[in-house]
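The file protein.cif contains mmCIF, C-alpha atoms and all ligand atoms:
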```cif
data_target
#
loop_
_atom_site.label_atom_id
_atom_site.label_comp_id
_atom_site.auth_asym_id
_atom_site.auth_seq_id
_atom_site.Cartn_x
_atom_site.Cartn_y
_atom_site.Cartn_z
CA MET A 18 -28.59 -15.21 -31.12
CA ALA A 19 -28.73 -16.06 -27.43
CA ALA A 20 -27.07 -13.08 -25.74
CA SER A 21 -28.39 -9.56 -26.17
CA PRO A 22 -26.00 -6.94 -24.76
CA LYS A 23 -27.23 -3.41 -24.09
CA ALA A 24 -24.09 -1.94 -25.64
CA VAL A 25 -21.32 -3.23 -27.88
CA VAL A 26 -18.12 -1.18 -28.15
CA VAL A 27 -16.01 -2.30 -31.11
CA ILE A 28 -12.42 -1.09 -30.77
CA SER A 29 -9.85 -0.95 -33.55
CA GLY A 30 -6.37 0.54 -33.79
CA LYS A 31 -2.85 -0.19 -34.88
CA ARG A 32 -0.52 -2.41 -32.87
CA LYS A 33 0.48 -0.75 -29.57
CA SER A 34 -2.01 2.07 -30.05
CA GLY A 35 -3.43 1.10 -26.64
CA LYS A 36 -6.55 -0.97 -27.39
CA ASP A 37 -6.10 -3.30 -24.41
CA TYR A 38 -5.17 -0.45 -22.08
CA ILE A 39 -8.25 1.58 -23.03
CA SER A 40 -10.52 -1.48 -22.88
CA GLU A 41 -9.40 -2.10 -19.29
CA GLN A 42 -10.00 1.56 -18.38
CA LEU A 43 -13.49 1.32 -19.83
CA ARG A 44 -14.25 -1.90 -18.00
CA ASN A 45 -13.15 -0.33 -14.71
CA LYS A 46 -15.30 2.73 -15.32
CA LEU A 47 -18.36 0.72 -16.31
CA GLY A 48 -17.84 -1.95 -13.65
CA PRO A 49 -16.36 -5.44 -14.23
CA ASP A 50 -19.65 -7.03 -13.16
CA LYS A 51 -21.50 -5.31 -16.02
CA CYS A 52 -18.83 -5.21 -18.65
CA ALA A 53 -16.85 -7.89 -20.53
CA VAL A 54 -13.69 -7.35 -22.55
CA LEU A 55 -13.84 -9.86 -25.41
CA HIS A 56 -10.93 -10.74 -27.72
CA LEU A 57 -11.57 -11.93 -31.25
CA SER A 58 -8.07 -13.37 -31.55
CA GLY A 59 -8.08 -15.52 -28.37
CA PRO A 60 -10.70 -18.11 -29.29
CA LEU A 61 -8.86 -18.85 -32.53
CA LYS A 62 -6.11 -20.66 -30.62
CA LYS A 63 -8.58 -22.45 -28.40
CA GLN A 64 -10.65 -23.69 -31.32
CA TYR A 65 -7.53 -24.68 -33.30
CA ALA A 66 -6.26 -26.69 -30.32
CA LYS A 67 -9.65 -28.35 -29.90
CA GLU A 68 -9.98 -29.34 -33.55
CA HIS A 69 -6.38 -30.60 -33.73
CA ASP A 70 -6.33 -32.29 -30.33
CA LEU A 71 -3.49 -30.07 -29.05
CA ASP A 72 -2.57 -28.62 -25.66
CA PHE A 73 -4.13 -25.11 -25.54
CA GLU A 74 -1.86 -23.89 -22.71
CA LYS A 75 1.26 -24.82 -24.65
CA LEU A 76 -0.08 -22.99 -27.70
CA LEU A 77 -0.37 -19.80 -25.68
CA ASP A 78 3.22 -19.66 -24.49
CA ALA A 79 6.34 -18.90 -26.51
CA THR A 80 7.76 -22.39 -26.79
CA ALA A 81 8.75 -24.37 -29.86
CA TYR A 82 5.32 -26.00 -29.65
CA LYS A 83 3.73 -22.71 -30.70
CA GLU A 84 6.31 -22.13 -33.45
CA THR A 85 5.63 -25.58 -34.85
CA TYR A 86 1.97 -24.80 -35.29
CA ARG A 87 2.04 -21.06 -35.98
CA ALA A 88 2.01 -21.20 -39.80
CA ASP A 89 -0.63 -23.91 -39.88
CA MET A 90 -2.74 -22.02 -37.34
CA ILE A 91 -2.66 -18.87 -39.51
CA ARG A 92 -3.59 -20.93 -42.58
CA TRP A 93 -6.39 -22.63 -40.65
CA GLY A 94 -7.70 -19.27 -39.38
CA GLU A 95 -7.82 -17.82 -42.90
CA GLU A 96 -9.59 -20.92 -44.18
CA LYS A 97 -12.24 -20.71 -41.45
CA ARG A 98 -12.75 -17.00 -42.09
CA ASN A 99 -13.08 -17.54 -45.84
CA GLN A 100 -15.74 -20.19 -45.26
CA ASP A 101 -17.54 -18.08 -42.67
CA PRO A 102 -16.36 -14.47 -41.97
CA ALA A 103 -18.39 -14.39 -38.74
CA PHE A 104 -16.87 -17.55 -37.27
CA PHE A 105 -14.49 -15.90 -34.76
CA CYS A 106 -16.93 -13.10 -33.87
CA ARG A 107 -19.55 -15.68 -32.89
CA LEU A 108 -17.01 -17.71 -30.97
CA ALA A 109 -15.71 -14.69 -29.00
CA THR A 110 -19.22 -13.66 -27.99
CA SER A 111 -20.52 -17.05 -26.94
CA GLY A 112 -18.53 -17.58 -23.73
CA GLU A 113 -19.87 -17.14 -20.21
CA ASP A 114 -18.95 -13.41 -20.15
CA SER A 115 -21.39 -12.77 -23.00
CA GLY A 116 -24.26 -12.47 -20.52
CA LYS A 117 -22.92 -9.07 -19.39
CA ASP A 118 -24.59 -5.78 -20.36
CA VAL A 119 -21.65 -4.26 -22.20
CA TRP A 120 -19.26 -6.01 -24.56
CA ILE A 121 -15.96 -4.39 -25.40
CA ILE A 122 -14.61 -6.07 -28.51
CA CYS A 123 -11.02 -5.01 -28.05
CA ASP A 124 -9.30 -6.17 -31.24
CA ALA A 125 -11.40 -5.64 -34.39
CA ARG A 126 -9.01 -6.02 -37.32
CA ARG A 127 -11.05 -6.64 -40.44
CA LEU A 128 -14.00 -5.06 -42.18
CA SER A 129 -15.87 -8.34 -41.71
CA ASP A 130 -15.49 -7.92 -37.88
CA VAL A 131 -17.05 -4.44 -37.98
CA GLU A 132 -19.81 -5.58 -40.35
CA TYR A 133 -20.70 -8.52 -38.10
CA PHE A 134 -21.47 -6.27 -35.11
CA GLN A 135 -23.17 -3.62 -37.25
CA LYS A 136 -25.41 -6.26 -38.77
CA ASN A 137 -26.28 -8.20 -35.63
CA TYR A 138 -26.18 -5.48 -32.92
CA ASN A 139 -26.74 -2.39 -35.03
CA LYS A 140 -28.73 -0.24 -32.60
CA VAL A 141 -26.35 -0.73 -29.68
CA THR A 142 -22.98 -0.75 -31.45
CA THR A 143 -20.40 2.03 -31.10
CA LEU A 144 -17.39 1.94 -33.43
CA VAL A 145 -14.19 3.25 -31.88
CA ARG A 146 -10.78 3.93 -33.44
CA VAL A 147 -7.79 4.33 -31.14
CA GLN A 148 -5.07 6.52 -32.60
CA ALA A 149 -1.45 6.91 -31.57
CA ASP A 150 1.43 8.16 -33.68
CA THR A 151 4.24 5.86 -34.73
CA ASP A 152 6.80 7.31 -32.27
CA THR A 153 4.46 6.75 -29.32
CA ARG A 154 3.75 3.20 -30.47
CA LYS A 155 7.48 2.56 -30.81
CA GLN A 156 8.01 3.72 -27.23
CA ARG A 157 5.47 1.05 -26.25
CA GLY A 158 7.45 -1.66 -28.04
CA PHE A 159 6.15 -1.47 -31.61
CA VAL A 160 8.60 -2.68 -34.25
CA PHE A 161 7.48 -2.72 -37.87
CA THR A 162 7.27 -6.33 -39.04
CA GLN A 163 6.88 -7.16 -42.70
CA GLY A 164 4.08 -9.62 -43.33
CA VAL A 165 2.28 -8.41 -40.18
CA ASP A 166 2.09 -4.61 -40.30
CA ASP A 167 1.44 -4.51 -44.03
CA ALA A 168 -1.11 -7.38 -43.97
CA GLU A 169 -4.90 -7.16 -44.13
CA SER A 170 -5.21 -7.99 -40.43
CA GLU A 171 -3.32 -4.77 -39.59
CA CYS A 172 -4.44 -2.45 -42.40
CA GLY A 173 -7.97 -3.66 -43.18
CA LEU A 174 -9.59 -0.88 -41.14
CA ASP A 175 -7.25 2.01 -42.02
CA SER A 176 -10.00 3.46 -44.22
CA GLY A 177 -13.60 2.81 -45.19
CA VAL A 178 -15.19 2.90 -41.72
CA ASP A 179 -17.15 5.82 -40.30
CA TRP A 180 -15.97 5.67 -36.66
CA ASP A 181 -18.41 6.96 -34.03
CA VAL A 182 -15.65 7.97 -31.62
CA ILE A 183 -11.92 8.58 -32.12
CA ILE A 184 -9.72 8.15 -29.07
CA ASN A 185 -6.34 9.88 -29.16
CA ASN A 186 -3.80 8.00 -27.07
CA ASN A 187 -0.50 9.79 -27.57
CA GLY A 188 0.46 10.09 -23.91
CA ASP A 189 -1.66 13.13 -23.06
CA GLN A 190 -3.74 11.73 -20.16
CA LYS A 191 -6.14 14.72 -20.13
CA GLN A 192 -6.95 14.25 -23.83
CA LEU A 193 -7.42 10.51 -23.21
CA GLU A 194 -9.78 11.15 -20.31
CA ASP A 195 -11.80 13.59 -22.45
CA ASP A 196 -12.06 11.13 -25.33
CA ILE A 197 -13.07 8.27 -23.02
CA HIS A 198 -15.71 10.58 -21.56
CA LYS A 199 -17.06 11.23 -25.08
CA LEU A 200 -17.26 7.50 -25.65
CA LEU A 201 -19.12 6.93 -22.38
CA GLU A 202 -21.64 9.59 -23.43
CA HIS A 203 -22.16 7.68 -26.65
CA ILE A 204 -23.06 4.45 -24.86
CA HIS A 205 -26.67 4.34 -23.78
CA LEU A 206 -27.35 1.85 -21.03
N1 LIG B 301 -2.31 6.01 -22.09
C1 LIG B 301 -1.40 5.11 -21.68
N2 LIG B 301 -0.71 5.33 -20.53
C2 LIG B 301 0.22 4.45 -20.09
N3 LIG B 301 0.53 3.29 -20.75
C3 LIG B 301 -0.14 3.02 -21.89
C4 LIG B 301 -1.13 3.90 -22.41
N4 LIG B 301 -1.62 3.36 -23.54
C5 LIG B 301 -0.97 2.19 -23.71
N5 LIG B 301 -0.07 1.99 -22.72
C6 LIG B 301 0.85 0.83 -22.58
O1 LIG B 301 1.44 0.56 -23.85
C7 LIG B 301 1.55 -0.84 -24.09
C8 LIG B 301 0.78 -1.21 -25.35
O2 LIG B 301 -0.61 -0.97 -25.11
P1 LIG B 301 -1.74 -2.05 -25.45
O3 LIG B 301 -1.28 -3.43 -25.14
O4 LIG B 301 -3.01 -1.58 -24.83
O5 LIG B 301 -1.79 -1.86 -27.05
P2 LIG B 301 -2.63 -2.70 -28.10
O6 LIG B 301 -3.14 -1.72 -29.11
O7 LIG B 301 -3.64 -3.55 -27.41
O8 LIG B 301 -1.47 -3.59 -28.75
P3 LIG B 301 -1.53 -4.94 -29.60
O9 LIG B 301 -2.32 -4.63 -30.85
O10 LIG B 301 -0.09 -5.23 -29.90
O11 LIG B 301 -2.20 -5.98 -28.73
C9 LIG B 301 1.03 -1.52 -22.82
O12 LIG B 301 2.11 -1.82 -21.98
C10 LIG B 301 0.13 -0.46 -22.19
O13 LIG B 301 0.04 -0.61 -20.79
#
```
Give the structure from the file, written as structure tokens.
Ligand SMILES: Nc1ncnc2c1ncn2[C@@H]1O[C@H](COP(=O)(O)OP(=O)(O)OP(=O)(O)O)[C@@H](O)[C@H]1O
Amino acid sequence: MAASPKAVVVISGKRKSGKDYISEQLRNKLGPDKCAVLHLSGPLKKQYAKEHDLDFEKLLDATAYKETYRADMIRWGEEKRNQDPAFFCRLATSGEDSGKDVWIICDARRLSDVEYFQKNYNKVTTLVRVQADTDTRKQRGFVFTQGVDDAESECGLDSGVDWDVIINNNGDQKQLEDDIHKLLEHIHL
């Protein structure tokens, strides 16, 4: 493994719990020069486009182009993951940002994601669960979608993981600040 970060923060949480929001807050506190926010889901599209000779930019926007390929992209992603559960974790952490001291993995969704970082970066990994109640998530635009919110990618980490830090993000900014502070104390740089 080429890169060796000093800290890896693996963040999980339901849709609209605030994973991206909290990741950005953390990056600002730690310093953007030192800290990279890495998405596991982003490189999937890039790699799919590359392997199928498609236009990556068009795949990112909400045009018919994306709709045409959506089902096949999901199938392809599952196939890749079945062959090699670490495929997207390796891909997400091999870009130019991976030279930074702190990685924030802002969208862990499966047990295999958590296990990858525990196995390869055990001593420096902090596992974080972001919690927000359903009403708060709805206010942020969450709408329950069958086939998404009851699928493994959304429920795979609901139980079975011993989180190092829980962050409560229900709109109480003081509580959020306190929980982020606890997380920062957990990260040893
Ligand atoms: N504590 C907060 N204060 C103000 N706005 C917030 C807070 N937490 C989240 N939000 C807002 O709620 C929306 C959803 O948050 P965010 O995108 O971070 O969720 P997410 O868990 O990353 O969602 P998804 O899984 O769908 O990507 C965003 O517009 C974000 O700015």
Query raised in the report: Within 7 Å of ligand LIG 301 (chain B), counting all atoms listed in the file: which residues, as a ChimeraX atom specification?
Result: /A:30-39,157,186-188,190,193
Query raised in the report: For the atom pair atom CA of Lys23 of chain A and atom CA of Ser115 of chain A, what is the interatomic distance in Å to one decimal place?
Result: 11.1 Å
Query raised in the report: Smallest atom-to-atom distance to Arg44 of chain A: which of A:Glu84, A:Asp118, A:Asp152, A:Glu113, using all atoms listed in the file?
Result: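 When distances to Arg44 of chain A are compared using all atoms listed in the file, the smallest one comes from A:Asp118.
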Report task. List the neighbours of Thr142 of chain A out to 8 Å using all atoms listed in the file; skip same-chain residues closer than 4 positions along the sequence, and give me the result as a VMD selection string. Result -> chain A and resid 24 to 27 134 to 135 138
Report task. Please measure the separation of atom CA of Lys75 of chain A and atom CA of Thr162 of chain A, giving the value in Å to one decimal. Result -> 24.2 Å
Query raised in the report: By how many Å are atom CA of Leu55 of chain A and atom CA of Asp196 of chain A apart?
Result: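 If I compute the distance from atom CA of Leu55 of chain A to atom CA of Asp196 of chain A, I get 21.1 Å.
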Kindly extract all protein, DNA and RNA residues lying within 9 Å of the coordinates (-3.4, -25.8, -28.6) given in the file, considering all atoms listed in the file, and supply them as a compact mmCIF listing (two decimals) with C-alpha atoms, in the frame of the given file.
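point-v6.txt, written as the output of this step:
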```txt
# COMPACT_ATOMS: atom_id res chain seq x y z
CA LYS A 62 -6.11 -20.66 -30.62
CA LYS A 63 -8.58 -22.45 -28.40
CA GLN A 64 -10.65 -23.69 -31.32
CA TYR A 65 -7.53 -24.68 -33.30
CA ALA A 66 -6.26 -26.69 -30.32
CA LYS A 67 -9.65 -28.35 -29.90
CA GLU A 68 -9.98 -29.34 -33.55
CA HIS A 69 -6.38 -30.60 -33.73
CA ASP A 70 -6.33 -32.29 -30.33
CA LEU A 71 -3.49 -30.07 -29.05
CA ASP A 72 -2.57 -28.62 -25.66
CA PHE A 73 -4.13 -25.11 -25.54
CA GLU A 74 -1.86 -23.89 -22.71
CA LYS A 75 1.26 -24.82 -24.65
CA LEU A 76 -0.08 -22.99 -27.70
CA LEU A 77 -0.37 -19.80 -25.68
CA TYR A 82 5.32 -26.00 -29.65
CA LYS A 83 3.73 -22.71 -30.70
CA TYR A 86 1.97 -24.80 -35.29
```
**Report entry** Pick from A:Ser170, A:Ser21, A:Thr151, A:Ser58, whichever lies nearest to Asn137 of chain A using all atoms listed in the file
**Finding:** A:Ser21
Take every atom of segment 59-78 of chain A listed in the file, fit an axis-aligned box around them, add 3 Å per side, and give the centre and edge lengths in Å to one decimal as AutoDock Vina command-line options.
```
--center_x -3.7 --center_y -23.9 --center_z -28.2 --size_x 19.9 --size_y 22.8 --size_z 17.0
```
